[in-house]
file input-v4.pdb (PDB, C-alpha atoms, pLDDT in the B column)
MODEL        1
ATOM      1  CA  MET Z   1      37.078 130.367 124.224  1.00 63.00           C
ATOM      2  CA  LYS Z   2      38.321 131.845 120.977  1.00 68.00           C
ATOM      3  CA  ARG Z   3      41.678 132.521 122.589  1.00 69.00           C
ATOM      4  CA  LEU Z   4      41.947 128.905 123.678  1.00 60.00           C
ATOM      5  CA  VAL Z   5      41.137 127.647 120.153  1.00 57.00           C
ATOM      6  CA  VAL Z   6      43.655 130.049 118.608  1.00 55.00           C
ATOM      7  CA  LEU Z   7      46.280 129.040 121.169  1.00 56.00           C
ATOM      8  CA  LEU Z   8      45.697 125.326 120.578  1.00 54.00           C
ATOM      9  CA  THR Z   9      45.825 125.851 116.794  1.00 62.00           C
ATOM     10  CA  ILE Z  10      49.147 127.717 117.037  1.00 64.00           C
ATOM     11  CA  LEU Z  11      50.543 125.084 119.397  1.00 57.00           C
ATOM     12  CA  SER Z  12      49.526 122.202 117.108  1.00 61.00           C
ATOM     13  CA  LEU Z  13      51.014 123.924 114.046  1.00 55.00           C
ATOM     14  CA  THR Z  14      54.287 124.499 115.909  1.00 60.00           C
ATOM     15  CA  VAL Z  15      54.519 120.861 117.024  1.00 54.00           C
ATOM     16  CA  GLY Z  16      53.635 119.654 113.511  1.00 56.00           C
ATOM     17  CA  THR Z  17      56.329 121.820 111.971  1.00 56.00           C
ATOM     18  CA  LEU Z  18      58.941 120.443 114.387  1.00 55.00           C
ATOM     19  CA  GLY Z  19      57.955 116.893 113.433  1.00 57.00           C
ATOM     20  CA  VAL Z  20      58.416 117.631 109.727  1.00 56.00           C
ATOM     21  CA  ALA Z  21      61.816 119.230 110.397  1.00 56.00           C
ATOM     22  CA  GLU Z  22      62.952 116.163 112.372  1.00 61.00           C
ATOM     23  CA  ALA Z  23      61.766 113.834 109.586  1.00 58.00           C
ATOM     24  CA  ALA Z  24      63.705 115.888 107.040  1.00 58.00           C
ATOM     25  CA  LYS Z  25      66.887 115.601 109.138  1.00 65.00           C
ATOM     26  CA  LYS Z  26      66.514 111.819 109.360  1.00 69.00           C
ATOM     27  CA  LYS Z  27      66.063 111.420 105.597  1.00 71.00           C
ATOM     28  CA  LYS Z  28      69.154 109.666 104.217  1.00 76.00           C
ATOM     29  CA  LYS Z  29      71.125 111.154 101.391  1.00 82.00           C
ATOM     30  CA  LYS Z  30      71.251 109.077  98.225  1.00 85.00           C
ATOM     31  CA  LYS Z  31      74.561 107.440  97.406  1.00 88.00           C
ATOM     32  CA  PRO Z  32      75.995 108.152  93.976  1.00 89.00           C
ATOM     33  CA  PRO Z  33      75.238 105.356  91.521  1.00 91.00           C
ATOM     34  CA  ALA Z  34      77.795 102.549  91.359  1.00 91.00           C
ATOM     35  CA  PRO Z  35      80.021 102.604  88.262  1.00 92.00           C
ATOM     36  CA  VAL Z  36      78.758 100.450  85.419  1.00 95.00           C
ATOM     37  CA  LYS Z  37      81.154  98.175  83.559  1.00 95.00           C
ATOM     38  CA  VAL Z  38      81.193  98.948  79.840  1.00 96.00           C
ATOM     39  CA  GLU Z  39      82.808  96.466  77.447  1.00 97.00           C
ATOM     40  CA  ARG Z  40      83.712  96.584  73.769  1.00 97.00           C
ATOM     41  CA  VAL Z  41      84.873  93.513  71.844  1.00 97.00           C
ATOM     42  CA  VAL Z  42      87.178  93.636  68.825  1.00 96.00           C
ATOM     43  CA  GLU Z  43      88.117  90.561  66.791  1.00 95.00           C
ATOM     44  CA  TYR Z  44      91.245  90.275  64.661  1.00 90.00           C
ATOM     45  CA  GLU Z  45      92.015  87.453  62.226  1.00 91.00           C
ATOM     46  CA  TYR Z  46      95.627  86.392  61.719  1.00 88.00           C
ATOM     47  CA  GLN Z  47      97.192  84.276  58.983  1.00 85.00           C
ATOM     48  CA  GLY Z  48     100.080  82.249  60.350  1.00 80.00           C
ATOM     49  CA  PRO Z  49     103.108  83.121  62.399  1.00 77.00           C
ATOM     50  CA  GLY Z  50     105.420  85.945  61.465  1.00 68.00           C
ATOM     51  CA  LEU Z  51     109.178  86.034  61.649  1.00 69.00           C
ATOM     52  CA  GLY Z  52     109.988  85.518  65.303  1.00 69.00           C
ATOM     53  CA  PHE Z  53     109.837  83.131  68.202  1.00 66.00           C
ATOM     54  CA  SER Z  54     108.384  82.754  71.645  1.00 70.00           C
ATOM     55  CA  SER Z  55     110.315  81.153  74.505  1.00 64.00           C
ATOM     56  CA  PRO Z  56     109.831  80.739  78.258  1.00 69.00           C
ATOM     57  CA  ALA Z  57     112.202  83.707  78.790  1.00 66.00           C
ATOM     58  CA  ALA Z  58     111.085  86.177  76.120  1.00 67.00           C
ATOM     59  CA  ALA Z  59     109.289  86.598  72.806  1.00 65.00           C
ATOM     60  CA  GLY Z  60     110.010  88.797  69.855  1.00 65.00           C
ATOM     61  CA  GLY Z  61     110.372  89.117  66.134  1.00 65.00           C
ATOM     62  CA  TYR Z  62     109.365  91.078  63.103  1.00 60.00           C
ATOM     63  CA  CYS Z  63     105.768  91.726  62.044  1.00 63.00           C
ATOM     64  CA  TYR Z  64     106.005  90.549  58.456  1.00 56.00           C
ATOM     65  CA  PRO Z  65     104.213  89.630  56.215  1.00 54.00           C
ATOM     66  CA  GLU Z  66     101.052  91.614  56.983  1.00 57.00           C
ATOM     67  CA  PRO Z  67      98.585  90.630  58.325  1.00 55.00           C
ATOM     68  CA  THR Z  68     100.314  88.122  60.549  1.00 60.00           C
ATOM     69  CA  ASN Z  69     100.974  87.928  64.230  1.00 62.00           C
ATOM     70  CA  CYS Z  70     101.060  91.642  65.051  1.00 73.00           C
ATOM     71  CA  ALA Z  71      98.353  94.264  65.102  1.00 83.00           C
ATOM     72  CA  GLN Z  72      97.871  97.668  66.670  1.00 87.00           C
ATOM     73  CA  PHE Z  73      94.721  98.660  68.568  1.00 92.00           C
ATOM     74  CA  ILE Z  74      93.564 102.020  69.891  1.00 93.00           C
ATOM     75  CA  PRO Z  75      91.584 102.093  73.137  1.00 95.00           C
ATOM     76  CA  GLU Z  76      88.599 104.431  73.208  1.00 95.00           C
ATOM     77  CA  ALA Z  77      88.054 107.050  75.922  1.00 94.00           C
ATOM     78  CA  GLY Z  78      87.665 105.478  79.366  1.00 94.00           C
ATOM     79  CA  GLU Z  79      88.945 102.036  78.337  1.00 96.00           C
ATOM     80  CA  LYS Z  80      91.622 101.113  80.875  1.00 96.00           C
ATOM     81  CA  TYR Z  81      91.616  97.303  80.787  1.00 97.00           C
ATOM     82  CA  ILE Z  82      91.937  94.614  78.144  1.00 96.00           C
ATOM     83  CA  LYS Z  83      91.517  90.874  78.079  1.00 97.00           C
ATOM     84  CA  ILE Z  84      92.836  88.820  75.166  1.00 96.00           C
ATOM     85  CA  GLU Z  85      91.673  85.398  74.010  1.00 97.00           C
ATOM     86  CA  VAL Z  86      93.237  83.592  71.036  1.00 95.00           C
ATOM     87  CA  THR Z  87      91.492  80.763  69.174  1.00 96.00           C
ATOM     88  CA  ASP Z  88      93.890  79.049  66.766  1.00 96.00           C
ATOM     89  CA  ALA Z  89      92.819  76.586  64.052  1.00 96.00           C
ATOM     90  CA  SER Z  90      95.297  74.074  65.521  1.00 94.00           C
ATOM     91  CA  GLY Z  91      93.316  73.986  68.771  1.00 95.00           C
ATOM     92  CA  GLN Z  92      96.526  74.746  70.676  1.00 95.00           C
ATOM     93  CA  ALA Z  93      97.458  77.760  72.798  1.00 94.00           C
ATOM     94  CA  VAL Z  94      99.198  80.746  71.228  1.00 92.00           C
ATOM     95  CA  GLY Z  95     101.592  82.785  73.338  1.00 89.00           C
ATOM     96  CA  GLY Z  96     101.827  86.525  73.100  1.00 87.00           C
ATOM     97  CA  SER Z  97     102.130  89.879  74.799  1.00 87.00           C
ATOM     98  CA  ILE Z  98     101.266  93.525  74.345  1.00 89.00           C
ATOM     99  CA  SER Z  99     103.427  96.639  74.146  1.00 88.00           C
ATOM    100  CA  GLN Z 100     102.689 100.352  74.286  1.00 89.00           C
ATOM    101  CA  GLY Z 101     106.119 101.350  73.049  1.00 84.00           C
ATOM    102  CA  ASP Z 102     109.223 102.335  74.977  1.00 83.00           C
ATOM    103  CA  LEU Z 103     107.795 103.205  78.392  1.00 81.00           C
ATOM    104  CA  ASP Z 104     111.087 103.291  80.315  1.00 85.00           C
ATOM    105  CA  GLY Z 105     113.135 105.290  77.782  1.00 86.00           C
ATOM    106  CA  ASP Z 106     115.764 102.655  77.003  1.00 88.00           C
ATOM    107  CA  GLY Z 107     115.046 102.633  73.256  1.00 83.00           C
ATOM    108  CA  ILE Z 108     113.398  99.197  73.294  1.00 80.00           C
ATOM    109  CA  GLY Z 109     109.642  98.566  73.225  1.00 79.00           C
ATOM    110  CA  ASP Z 110     108.471  97.190  76.579  1.00 83.00           C
ATOM    111  CA  LEU Z 111     106.442  93.979  76.510  1.00 83.00           C
ATOM    112  CA  TYR Z 112     103.885  93.246  79.232  1.00 88.00           C
ATOM    113  CA  GLY Z 113     100.518  91.553  79.558  1.00 89.00           C
ATOM    114  CA  GLU Z 114     101.835  88.151  78.497  1.00 90.00           C
ATOM    115  CA  PHE Z 115      99.286  85.421  77.829  1.00 91.00           C
ATOM    116  CA  CYS Z 116      99.166  81.774  76.760  1.00 93.00           C
ATOM    117  CA  GLY Z 117      95.929  81.332  74.841  1.00 95.00           C
ATOM    118  CA  ALA Z 118      94.130  83.937  76.937  1.00 96.00           C
ATOM    119  CA  HIS Z 119      94.446  86.322  79.845  1.00 94.00           C
ATOM    120  CA  THR Z 120      92.870  84.825  82.952  1.00 92.00           C
ATOM    121  CA  GLU Z 121      91.920  88.313  84.234  1.00 95.00           C
ATOM    122  CA  PRO Z 122      91.767  91.721  82.533  1.00 96.00           C
ATOM    123  CA  ILE Z 123      95.075  93.586  82.572  1.00 95.00           C
ATOM    124  CA  THR Z 124      95.546  97.318  83.049  1.00 95.00           C
ATOM    125  CA  LEU Z 125      96.922  99.256  80.100  1.00 94.00           C
ATOM    126  CA  ALA Z 126     100.212 100.902  81.038  1.00 91.00           C
ATOM    127  CA  VAL Z 127      99.208 104.215  79.448  1.00 89.00           C
ATOM    128  CA  GLU Z 128      95.481 104.922  79.173  1.00 89.00           C
ATOM    129  CA  GLY Z 129      94.394 106.048  75.697  1.00 88.00           C
ATOM    130  CA  THR Z 130      97.697 105.046  74.044  1.00 90.00           C
ATOM    131  CA  PRO Z 131      97.611 102.488  71.205  1.00 92.00           C
ATOM    132  CA  PHE Z 132      99.070  99.086  71.965  1.00 91.00           C
ATOM    133  CA  GLN Z 133     100.574  96.406  69.772  1.00 88.00           C
ATOM    134  CA  LEU Z 134      99.620  92.783  70.133  1.00 87.00           C
ATOM    135  CA  SER Z 135     102.462  90.357  69.315  1.00 85.00           C
ATOM    136  CA  MET Z 136     102.212  86.575  69.009  1.00 86.00           C
ATOM    137  CA  TYR Z 137     104.771  84.001  67.904  1.00 83.00           C
ATOM    138  CA  ALA Z 138     105.163  80.262  67.584  1.00 85.00           C
ATOM    139  CA  GLY Z 139     107.454  78.507  70.071  1.00 87.00           C
ATOM    140  CA  THR Z 140     106.759  78.273  73.798  1.00 88.00           C
ATOM    141  CA  CYS Z 141     104.501  80.435  75.935  1.00 88.00           C
ATOM    142  CA  TYR Z 142     106.325  82.970  78.117  1.00 86.00           C
ATOM    143  CA  GLY Z 143     107.117  81.681  81.600  1.00 86.00           C
ATOM    144  CA  THR Z 144     105.898  78.138  80.862  1.00 88.00           C
ATOM    145  CA  THR Z 145     106.759  75.060  78.865  1.00 91.00           C
ATOM    146  CA  THR Z 146     103.406  75.132  77.035  1.00 92.00           C
ATOM    147  CA  PRO Z 147     103.910  75.019  73.256  1.00 92.00           C
ATOM    148  CA  SER Z 148     102.729  78.090  71.330  1.00 91.00           C
ATOM    149  CA  ILE Z 149     101.363  76.655  68.083  1.00 89.00           C
ATOM    150  CA  MET Z 150     100.326  79.354  65.628  1.00 89.00           C
ATOM    151  CA  THR Z 151      98.608  78.628  62.317  1.00 90.00           C
ATOM    152  CA  THR Z 152      95.557  80.775  61.544  1.00 91.00           C
ATOM    153  CA  GLY Z 153      92.915  82.035  63.895  1.00 93.00           C
ATOM    154  CA  VAL Z 154      91.069  84.824  65.643  1.00 94.00           C
ATOM    155  CA  VAL Z 155      92.098  87.094  68.489  1.00 94.00           C
ATOM    156  CA  LYS Z 156      89.255  88.446  70.640  1.00 96.00           C
ATOM    157  CA  ILE Z 157      90.119  91.610  72.592  1.00 96.00           C
ATOM    158  CA  THR Z 158      87.702  92.805  75.261  1.00 97.00           C
ATOM    159  CA  PHE Z 159      88.175  96.454  76.233  1.00 97.00           C
ATOM    160  CA  SER Z 160      86.567  97.715  79.453  1.00 97.00           C
ATOM    161  CA  ASN Z 161      86.461 100.650  81.843  1.00 96.00           C
ATOM    162  CA  LEU Z 162      86.526  98.388  84.926  1.00 96.00           C
ATOM    163  CA  PRO Z 163      88.419  95.129  85.620  1.00 94.00           C
TER     164      PRO Z 163
ENDMDL
END
call {"tool": "encode", "arguments": {"input": "input-v4.pdb", "output": "structure tokens"}}
result
Amino acid sequence: MKRLVVLLTILSLTVGTLGVAEAAKKKKKKKPPAPVKVERVVEYEYQGPGLGFSSPAAAGGYCYPEPTNCAQFIPEAGEKYIKIEVTDASGQAVGGSISQGDLDGDGIGDLYGEFCGAHTEPITLAVEGTPFQLSMYAGTCYGTTTPSIMTTGVVKITFSNLP
């Protein structure tokens, strides 16, 4: 009788151990956490247009007098995207663009990230971690016939790690 009890005990322990092993195999591995969007907002006040113009084909000029229509911003670590929104005292749109210097080596600063009042979606910085210059001028918004009226106002720049 003792042998039968010992045998049944060993058999039940063996079957129980197999069940635990199977349950451990079926346990799903946890997925890594989804990336979290982190934003930082910087506001910049400007006082009137500088020396320059904005047209449907191109924009450009000289950043004088300071502070005017140009400012330089430095992204923090991990910030890859920006979104710009301009609120002018005139209530009208202000056209502008950003530049991170001469990216193609032709000796001329390369403009990209054009906007007319605001970016509709975040744009990717051409070179992560590199300062960029924001330029805005009175005239006409790039690629449109919308007037770019620039008096005084505030530029809101939203930096983020994700679009």
call {"tool": "atom_distance", "arguments": {"input": "input-v4.pdb", "atom1": "CA of Asp106 (chain Z)", "atom2": "CA of Ala138 (chain Z)"}}
result
26.5 Å
call {"tool": "atom_distance", "arguments": {"input": "input-v4.pdb", "atom1": "CA of Glu128 (chain Z)", "atom2": "CA of Val41 (chain Z)"}}
result
17.2 Å
call {"tool": "resolve_selection", "arguments": {"input": "input-v4.pdb", "expression": "the PyMOL selection byres ((chain Z and resi 153-162) around 9)", "output": "number ranges by chain"}}
result
Z: 35-48, 75-90, 122, 150-152, 163
call {"tool": "residues_around", "arguments": {"input": "input-v4.pdb", "residues": "Phe73 (chain Z)", "least_positions_apart": "4", "cutoff": "7 Å", "atoms": "only C-alpha atoms", "output": "mmCIF file with C-alpha atoms, keeping the file's coordinate frame"}}
result
data_model
loop_
_atom_site.group_PDB
_atom_site.id
_atom_site.type_symbol
_atom_site.label_atom_id
_atom_site.label_comp_id
_atom_site.auth_asym_id
_atom_site.auth_seq_id
_atom_site.Cartn_x
_atom_site.Cartn_y
_atom_site.Cartn_z
ATOM 1 C CA PRO Z 131 97.611 102.488 71.205
ATOM 2 C CA PHE Z 132 99.070 99.086 71.965
ATOM 3 C CA GLN Z 133 100.574 96.406 69.772
#
call {"tool": "residues_near_point", "arguments": {"input": "input-v4.pdb", "point": "(102.1, 88.6, 77.2)", "cutoff": "9 Å", "atoms": "all atoms listed in the file", "output": "JSON, numbers by chain"}}
result
{"Z": [59, 95, 96, 97, 98, 99, 111, 112, 113, 114, 115, 116, 119, 134, 135, 136, 141, 142]}
call {"tool": "atom_distance", "arguments": {"input": "input-v4.pdb", "atom1": "CA of Gly117 (chain Z)", "atom2": "CA of Val94 (chain Z)"}}
result
4.9 Å
call {"tool": "axis_aligned_box", "arguments": {"input": "input-v4.pdb", "around": "region 128-138 of chain Z", "padding_each_side": "3 Å", "output": "AutoDock Vina command-line options"}}
result
--center_x 99.8 --center_y 93.2 --center_z 73.4 --size_x 16.8 --size_y 31.8 --size_z 17.6
call {"tool": "closest_residue", "arguments": {"input": "input-v4.pdb", "among": "Z:Ala118, Z:Ile108, Z:Cys70, Z:Ala34", "to": "Ser148 (chain Z)", "atoms": "all atoms listed in the file"}}
result
Z:Ala118
